[in-house]
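Here's structure_23.cif, which has mmCIF, C-alpha atoms:
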data_final
#
loop_
_atom_site.label_atom_id
_atom_site.label_comp_id
_atom_site.auth_asym_id
_atom_site.auth_seq_id
_atom_site.Cartn_x
_atom_site.Cartn_y
_atom_site.Cartn_z
CA SER N 1 0.00 0.00 0.00
CA GLN N 2 1.19 3.52 -0.73
CA GLN N 3 -0.71 4.93 2.20
CA GLY N 4 1.17 6.72 4.92
CA GLU N 5 1.10 5.26 8.37
CA GLU N 6 0.82 7.44 11.43
CA ASP N 7 1.35 6.88 15.07
CA PRO N 8 0.03 7.18 17.58
CA GLN N 9 -3.54 6.73 16.37
CA ALA N 10 -4.72 8.77 19.34
CA LEU N 11 -2.96 11.11 21.74
CA SER N 12 -4.33 12.85 24.81
CA ILE N 13 -2.33 15.56 26.57
CA GLN N 14 -2.80 18.49 28.91
CA GLU N 15 -2.78 22.07 27.69
CA GLY N 16 0.74 23.43 27.62
CA GLU N 17 2.38 20.08 26.89
CA ASN N 18 4.01 19.23 23.59
CA ALA N 19 2.47 16.77 21.15
CA THR N 20 4.48 14.67 18.71
CA MET N 21 2.98 12.72 15.84
CA ASN N 22 4.88 10.49 13.44
CA CYS N 23 4.34 9.49 9.85
CA SER N 24 6.04 6.80 7.80
CA TYR N 25 5.75 6.20 4.07
CA LYS N 26 7.09 3.75 1.53
CA THR N 27 7.45 5.58 -1.76
CA SER N 28 9.84 8.28 -2.96
CA ILE N 29 8.50 11.75 -2.37
CA ASN N 30 9.16 15.30 -3.48
CA ASN N 31 7.57 16.78 -0.40
CA LEU N 32 5.44 15.84 2.56
CA GLN N 33 2.53 17.83 3.91
CA TRP N 34 0.63 17.90 7.16
CA TYR N 35 -3.07 18.70 7.40
CA ARG N 36 -5.41 19.28 10.32
CA GLN N 37 -9.07 18.37 10.42
CA ASN N 38 -11.59 19.45 12.98
CA SER N 39 -15.32 19.87 12.91
CA GLY N 40 -15.15 23.62 12.84
CA ARG N 41 -12.78 24.29 9.97
CA GLY N 42 -12.71 21.10 7.95
CA LEU N 43 -9.42 19.92 6.46
CA VAL N 44 -6.74 22.59 6.40
CA HIS N 45 -3.16 22.54 5.14
CA LEU N 46 -0.61 23.23 7.91
CA ILE N 47 2.86 22.91 6.53
CA LEU N 48 4.85 21.47 3.63
CA ILE N 49 8.41 20.19 3.88
CA ARG N 50 10.41 19.44 0.75
CA SER N 51 12.53 16.36 0.33
CA ASN N 52 15.75 18.39 0.51
CA GLU N 53 14.73 19.93 3.85
CA ARG N 54 15.29 18.27 7.21
CA GLU N 55 13.34 20.60 9.46
CA LYS N 56 10.79 23.35 9.09
CA HIS N 57 9.03 25.63 11.54
CA SER N 58 5.75 27.48 11.42
CA GLY N 59 4.65 29.16 14.61
CA ARG N 60 4.26 26.43 17.24
CA LEU N 61 4.68 23.71 14.63
CA ARG N 62 7.93 21.93 13.90
CA VAL N 63 8.16 19.34 11.18
CA THR N 64 11.11 17.05 10.54
CA LEU N 65 11.74 14.81 7.56
CA ASP N 66 14.15 11.90 7.35
CA THR N 67 14.11 10.62 3.78
CA SER N 68 16.56 7.81 4.60
CA LYS N 69 14.07 6.42 7.10
CA LYS N 70 11.05 7.54 5.08
CA SER N 71 9.57 9.20 8.11
CA SER N 72 8.36 12.58 9.29
CA SER N 73 7.26 13.99 12.59
CA LEU N 74 5.03 16.89 13.57
CA LEU N 75 5.66 18.57 16.88
CA ILE N 76 3.15 21.00 18.36
CA THR N 77 4.65 22.95 21.22
CA ALA N 78 2.76 24.54 24.12
CA SER N 79 -0.47 22.91 23.01
CA ARG N 80 -3.85 24.57 23.41
CA ALA N 81 -7.34 23.17 23.67
CA ALA N 82 -7.97 24.61 20.19
CA ASP N 83 -5.31 22.25 18.79
CA THR N 84 -7.70 19.35 19.40
CA ALA N 85 -8.17 17.81 15.97
CA SER N 86 -7.08 14.97 13.71
CA TYR N 87 -3.71 15.43 12.04
CA PHE N 88 -2.83 13.79 8.73
CA CYS N 89 0.40 13.50 6.84
CA ALA N 90 0.11 13.45 3.06
CA PHE N 91 2.44 13.07 0.12
CA TYR N 92 2.17 12.97 -3.66
CA ASN N 93 2.88 9.70 -5.38
CA GLN N 94 4.48 9.53 -8.83
CA GLY N 95 1.07 9.68 -10.46
CA GLY N 96 0.27 13.06 -8.94
CA LYS N 97 -2.16 11.77 -6.32
CA LEU N 98 -2.01 13.09 -2.77
CA ILE N 99 -1.94 10.07 -0.47
CA PHE N 100 -3.07 10.56 3.14
CA GLY N 101 -2.17 8.69 6.27
CA GLN N 102 -4.84 7.38 8.61
CA GLY N 103 -4.33 10.29 10.96
CA THR N 104 -3.59 10.93 14.61
CA GLU N 105 -6.46 12.08 16.79
CA LEU N 106 -5.13 14.66 19.23
CA SER N 107 -7.07 15.69 22.31
CA VAL N 108 -5.77 18.61 24.35
CA LYS N 109 -7.43 18.91 27.74
CA PRO N 110 -7.69 22.36 29.33
CA GLY B 111 -11.35 35.12 -1.96
CA ALA B 112 -13.85 32.29 -2.18
CA GLY B 113 -12.64 28.84 -1.22
CA VAL B 114 -13.77 25.47 -2.48
CA SER B 115 -17.49 24.98 -2.12
CA GLN B 116 -19.50 21.80 -2.20
CA SER B 117 -23.17 21.05 -2.39
CA PRO B 118 -25.24 19.73 -0.87
CA SER B 119 -23.68 19.76 2.59
CA ASN B 120 -25.82 16.81 3.60
CA LYS B 121 -27.62 14.23 1.51
CA VAL B 122 -29.80 11.39 2.72
CA THR B 123 -30.89 8.95 0.06
CA GLU B 124 -32.48 5.56 -0.18
CA LYS B 125 -30.51 2.55 -1.22
CA GLY B 126 -30.62 2.10 -4.97
CA LYS B 127 -31.09 5.77 -5.83
CA ASP B 128 -28.58 7.85 -7.76
CA VAL B 129 -26.94 10.92 -6.24
CA GLU B 130 -24.94 13.82 -7.63
CA LEU B 131 -22.44 15.76 -5.58
CA ARG B 132 -21.11 19.08 -6.78
CA CYS B 133 -17.78 20.82 -6.28
CA ASP B 134 -16.83 24.38 -7.18
CA PRO B 135 -13.04 24.71 -7.00
CA ILE B 136 -11.07 27.86 -6.41
CA SER B 137 -11.04 29.93 -9.57
CA GLY B 138 -7.94 29.31 -11.64
CA HIS B 139 -7.00 26.03 -9.97
CA THR B 140 -6.25 23.47 -12.63
CA ALA B 141 -6.21 20.39 -10.42
CA LEU B 142 -9.31 18.98 -8.74
CA TYR B 143 -9.55 15.94 -6.51
CA TRP B 144 -12.34 13.90 -4.96
CA TYR B 145 -11.81 11.93 -1.75
CA ARG B 146 -14.03 9.85 0.47
CA GLN B 147 -13.74 9.72 4.23
CA SER B 148 -15.59 7.16 6.27
CA LEU B 149 -16.25 7.75 9.97
CA GLY B 150 -13.00 7.92 11.90
CA GLN B 151 -10.92 7.00 8.88
CA GLY B 152 -8.37 8.74 6.70
CA LEU B 153 -9.01 10.05 3.22
CA GLU B 154 -9.48 7.63 0.37
CA PHE B 155 -8.54 9.02 -3.04
CA LEU B 156 -11.26 8.65 -5.66
CA ILE B 157 -10.46 10.65 -8.80
CA TYR B 158 -8.16 13.45 -9.98
CA PHE B 159 -8.54 15.98 -12.79
CA GLN B 160 -5.58 17.99 -14.06
CA GLY B 161 -6.25 20.59 -16.73
CA ASN B 162 -7.37 19.03 -19.99
CA SER B 163 -5.68 15.70 -19.35
CA ALA B 164 -7.66 12.51 -19.01
CA PRO B 165 -8.70 12.11 -15.36
CA ASP B 166 -7.05 9.58 -13.08
CA LYS B 167 -9.95 7.36 -12.09
CA SER B 168 -7.86 4.71 -10.37
CA GLY B 169 -9.42 5.33 -6.96
CA LEU B 170 -13.05 4.88 -7.93
CA PRO B 171 -14.29 1.85 -5.96
CA SER B 172 -16.71 0.55 -8.58
CA ASP B 173 -18.29 1.38 -11.92
CA ARG B 174 -21.22 2.89 -10.02
CA PHE B 175 -18.98 5.89 -9.39
CA SER B 176 -18.21 8.46 -12.06
CA ALA B 177 -17.15 12.07 -12.20
CA GLU B 178 -16.84 14.79 -14.73
CA ARG B 179 -15.42 18.26 -14.80
CA THR B 180 -17.02 20.69 -17.17
CA GLY B 181 -15.08 23.57 -18.66
CA GLY B 182 -12.15 22.90 -16.41
CA SER B 183 -14.06 24.21 -13.41
CA VAL B 184 -17.09 22.69 -11.69
CA SER B 185 -17.04 18.97 -11.05
CA THR B 186 -19.84 16.52 -10.38
CA LEU B 187 -19.39 13.16 -8.68
CA THR B 188 -22.20 10.74 -9.48
CA ILE B 189 -22.95 7.59 -7.55
CA GLN B 190 -25.46 5.29 -9.20
CA ARG B 191 -27.56 2.69 -7.39
CA THR B 192 -26.25 3.78 -4.01
CA GLN B 193 -25.38 1.19 -1.39
CA GLN B 194 -25.16 1.59 2.37
CA GLU B 195 -21.38 1.23 2.23
CA ASP B 196 -21.30 4.42 0.14
CA SER B 197 -22.24 6.39 3.25
CA ALA B 198 -19.32 8.72 3.98
CA VAL B 199 -18.17 12.30 3.73
CA TYR B 200 -17.13 13.15 0.18
CA LEU B 201 -14.46 15.83 0.05
CA CYS B 202 -13.37 17.86 -2.92
CA ALA B 203 -10.07 19.70 -3.13
CA SER B 204 -8.39 21.91 -5.67
CA SER B 205 -4.81 22.92 -6.23
CA SER B 206 -3.05 25.40 -8.44
CA ARG B 207 -1.17 22.52 -10.01
CA GLY B 208 -1.35 18.79 -9.64
CA ASP B 209 1.91 17.46 -10.93
CA ILE B 210 4.38 15.42 -8.95
CA VAL B 211 6.10 18.48 -7.57
CA GLY B 212 3.18 18.71 -5.25
CA TYR B 213 1.21 21.69 -4.12
CA GLU B 214 -1.04 22.53 -1.20
CA GLN B 215 -4.59 21.36 -1.65
CA TYR B 216 -7.54 23.44 -0.55
CA PHE B 217 -10.47 21.41 0.68
CA GLY B 218 -14.15 22.07 0.58
CA PRO B 219 -16.38 21.44 3.60
CA GLY B 220 -17.54 18.12 2.21
CA THR B 221 -20.86 16.45 1.50
CA ARG B 222 -22.08 14.01 4.12
CA LEU B 223 -23.88 11.21 2.29
CA THR B 224 -26.12 8.84 4.19
CA VAL B 225 -27.65 5.89 2.38
CA THR B 226 -30.57 4.36 4.25
#
Let's see the structure in the file written out as C-alpha cells.
Amino acid sequence: SQQGEEDPQALSIQEGENATMNCSYKTSINNLQWYRQNSGRGLVHLILIRSNEREKHSGRLRVTLDTSKKSSSLLITASRAADTASYFCAFYNQGGKLIFGQGTELSVKP
Amino acid sequence: GAGVSQSPSNKVTEKGKDVELRCDPISGHTALYWYRQSLGQGLEFLIYFQGNSAPDKSGLPSDRFSAERTGGSVSTLTIQRTQQEDSAVYLCASSSRGDIVGYEQYFGPGTRLTVT
C-alpha cells in the first residue's frame, strides 16, 4: 500500500504540553505535507516540507523529515485546547495523487 | 477570496437511488480531486482531474462511481444505485497545479452522504 502510516492513532495531553505525531511512508516523495481536520474548519493545510529539507518551523509547529528512514514527525509545542483535531500527513505519489495517512487524533485537555 | 465549495452539505438517500455531488473549486486552480472519508478514517482518493488531461480514475471503488469536470471548473461526482457502504463524507479539493512536484490542496467542507 502507498498509504502513509501514522502513530500514535490517538494522543491525549494536557494544555501546555508538547504533542508529537509520526508518519512513515514507503514511496519516494518530493515533499510531505501535514493537514489538520476538525469539525469547525474542515481539512486545512498546515505545513509542507520538501525532500531536501530536514526541518521546518511554522509558529508552534515543527516538522522534521528523514528521507533515509522515510519518516516525518510533527511537533506542536505549548499545546492549546484549540489544537484538538485529527492530524494527517500526506504526500504525492508519482502519479500526482495526494496520499493521506490514517491520521492521529489529538485531544488537548484544558 | 472564495474557497472550495461543495453542495449539498448533507444528503440522505435511499438505497438504490442515484446521487450527484457538486464541487466548485477555487477559480484558476487546474487540479481537482475527490476523496471519500468514512467515519474515523483517513481520506481515500477517488479521482483526480488535471487541466485538460484525461482524469485519473484509479481510486473509484466501482463502476457505479463516475465524475466529470465541465469547462475545467465545476465537477460533479455521481454515484449510481447507491449502497449503504457508500455512506461517507465526500471531500473535494483543488490545487493550483497537480503534478508530482506537489502543491497545497484546498479542501471544501464536504458532503455528508447517508444511504438508508
On this structure, the PyMOL selection byres ((chain B) within 12 of (chain N)) would catch which residues? List them as a ChimeraX atom specification, sorted by chain and number.
/B:113-115,141-160,165-169,199-205,207-221
Give me a file of those residues, with C-alpha atoms, as a PDB file, in the frame of the given file.
ATOM      1  CA  GLY B 113     -12.640  28.840  -1.220  1.00  0.00           C
ATOM      2  CA  VAL B 114     -13.770  25.470  -2.480  1.00  0.00           C
ATOM      3  CA  SER B 115     -17.490  24.980  -2.120  1.00  0.00           C
ATOM      4  CA  ALA B 141      -6.210  20.390 -10.420  1.00  0.00           C
ATOM      5  CA  LEU B 142      -9.310  18.980  -8.740  1.00  0.00           C
ATOM      6  CA  TYR B 143      -9.550  15.940  -6.510  1.00  0.00           C
ATOM      7  CA  TRP B 144     -12.340  13.900  -4.960  1.00  0.00           C
ATOM      8  CA  TYR B 145     -11.810  11.930  -1.750  1.00  0.00           C
ATOM      9  CA  ARG B 146     -14.030   9.850   0.470  1.00  0.00           C
ATOM     10  CA  GLN B 147     -13.740   9.720   4.230  1.00  0.00           C
ATOM     11  CA  SER B 148     -15.590   7.160   6.270  1.00  0.00           C
ATOM     12  CA  LEU B 149     -16.250   7.750   9.970  1.00  0.00           C
ATOM     13  CA  GLY B 150     -13.000   7.920  11.900  1.00  0.00           C
ATOM     14  CA  GLN B 151     -10.920   7.000   8.880  1.00  0.00           C
ATOM     15  CA  GLY B 152      -8.370   8.740   6.700  1.00  0.00           C
ATOM     16  CA  LEU B 153      -9.010  10.050   3.220  1.00  0.00           C
ATOM     17  CA  GLU B 154      -9.480   7.630   0.370  1.00  0.00           C
ATOM     18  CA  PHE B 155      -8.540   9.020  -3.040  1.00  0.00           C
ATOM     19  CA  LEU B 156     -11.260   8.650  -5.660  1.00  0.00           C
ATOM     20  CA  ILE B 157     -10.460  10.650  -8.800  1.00  0.00           C
ATOM     21  CA  TYR B 158      -8.160  13.450  -9.980  1.00  0.00           C
ATOM     22  CA  PHE B 159      -8.540  15.980 -12.790  1.00  0.00           C
ATOM     23  CA  GLN B 160      -5.580  17.990 -14.060  1.00  0.00           C
ATOM     24  CA  PRO B 165      -8.700  12.110 -15.360  1.00  0.00           C
ATOM     25  CA  ASP B 166      -7.050   9.580 -13.080  1.00  0.00           C
ATOM     26  CA  LYS B 167      -9.950   7.360 -12.090  1.00  0.00           C
ATOM     27  CA  SER B 168      -7.860   4.710 -10.370  1.00  0.00           C
ATOM     28  CA  GLY B 169      -9.420   5.330  -6.960  1.00  0.00           C
ATOM     29  CA  VAL B 199     -18.170  12.300   3.730  1.00  0.00           C
ATOM     30  CA  TYR B 200     -17.130  13.150   0.180  1.00  0.00           C
ATOM     31  CA  LEU B 201     -14.460  15.830   0.050  1.00  0.00           C
ATOM     32  CA  CYS B 202     -13.370  17.860  -2.920  1.00  0.00           C
ATOM     33  CA  ALA B 203     -10.070  19.700  -3.130  1.00  0.00           C
ATOM     34  CA  SER B 204      -8.390  21.910  -5.670  1.00  0.00           C
ATOM     35  CA  SER B 205      -4.810  22.920  -6.230  1.00  0.00           C
ATOM     36  CA  ARG B 207      -1.170  22.520 -10.010  1.00  0.00           C
ATOM     37  CA  GLY B 208      -1.350  18.790  -9.640  1.00  0.00           C
ATOM     38  CA  ASP B 209       1.910  17.460 -10.930  1.00  0.00           C
ATOM     39  CA  ILE B 210       4.380  15.420  -8.950  1.00  0.00           C
ATOM     40  CA  VAL B 211       6.100  18.480  -7.570  1.00  0.00           C
ATOM     41  CA  GLY B 212       3.180  18.710  -5.250  1.00  0.00           C
ATOM     42  CA  TYR B 213       1.210  21.690  -4.120  1.00  0.00           C
ATOM     43  CA  GLU B 214      -1.040  22.530  -1.200  1.00  0.00           C
ATOM     44  CA  GLN B 215      -4.590  21.360  -1.650  1.00  0.00           C
ATOM     45  CA  TYR B 216      -7.540  23.440  -0.550  1.00  0.00           C
ATOM     46  CA  PHE B 217     -10.470  21.410   0.680  1.00  0.00           C
ATOM     47  CA  GLY B 218     -14.150  22.070   0.580  1.00  0.00           C
ATOM     48  CA  PRO B 219     -16.380  21.440   3.600  1.00  0.00           C
ATOM     49  CA  GLY B 220     -17.540  18.120   2.210  1.00  0.00           C
ATOM     50  CA  THR B 221     -20.860  16.450   1.500  1.00  0.00           C
TER      51      THR B 221
END
Using the chain letters and numbering of this document, enumerate as a ChimeraX atom specification the residues selected by the PyMOL selection byres ((chain B and resi 196) around 12).
/B:121-129,146-149,170-172,174-175,188-195,197-200,222-226
Written as a list of chain:residue names, what is the full residue list that the PyMOL selection byres ((chain N and resi 15) around 12) yields on the file shown?
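After applying the PyMOL selection byres ((chain N and resi 15) around 12), what remains is N:Ser12, N:Ile13, N:Gln14, N:Gly16, N:Glu17, N:Asn18, N:Ala19, N:Ile76, N:Thr77, N:Ala78, N:Ser79, N:Arg80, N:Ala81, N:Ala82, N:Asp83, N:Thr84, N:Leu106, N:Ser107, N:Val108, N:Lys109, N:Pro110.
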Spatial neighbours of Ser117 of chain B, 7 Å, all atoms listed in the file, chain gap at least 4 places, as a compact mmCIF listing (two decimals) with C-alpha atoms, in the frame of the given file:
# COMPACT_ATOMS: atom_id res chain seq x y z
CA LEU B 131 -22.44 15.76 -5.58
CA ARG B 132 -21.11 19.08 -6.78
CA CYS B 133 -17.78 20.82 -6.28
CA THR B 221 -20.86 16.45 1.50
Please, what distance in Å, to one decimal, runs between atom CA of Ala164 of chain B and atom CA of Ser51 of chain N?
28.2 Å
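For the atom pair formed by atom CA of Ala85 of chain N and atom CA of Asn38 of chain N, the distance is 4.8 Å, given to one decimal.
Residue nearest Lys26 of chain N, chosen from N:Asp7, N:Leu75, N:Thr67, N:His57 and counting all atoms listed in the file: N:Thr67.
The gap separating atom CA of Ser24 of chain N from atom CA of Lys69 of chain N is 8.1 Å, in Å to one decimal.
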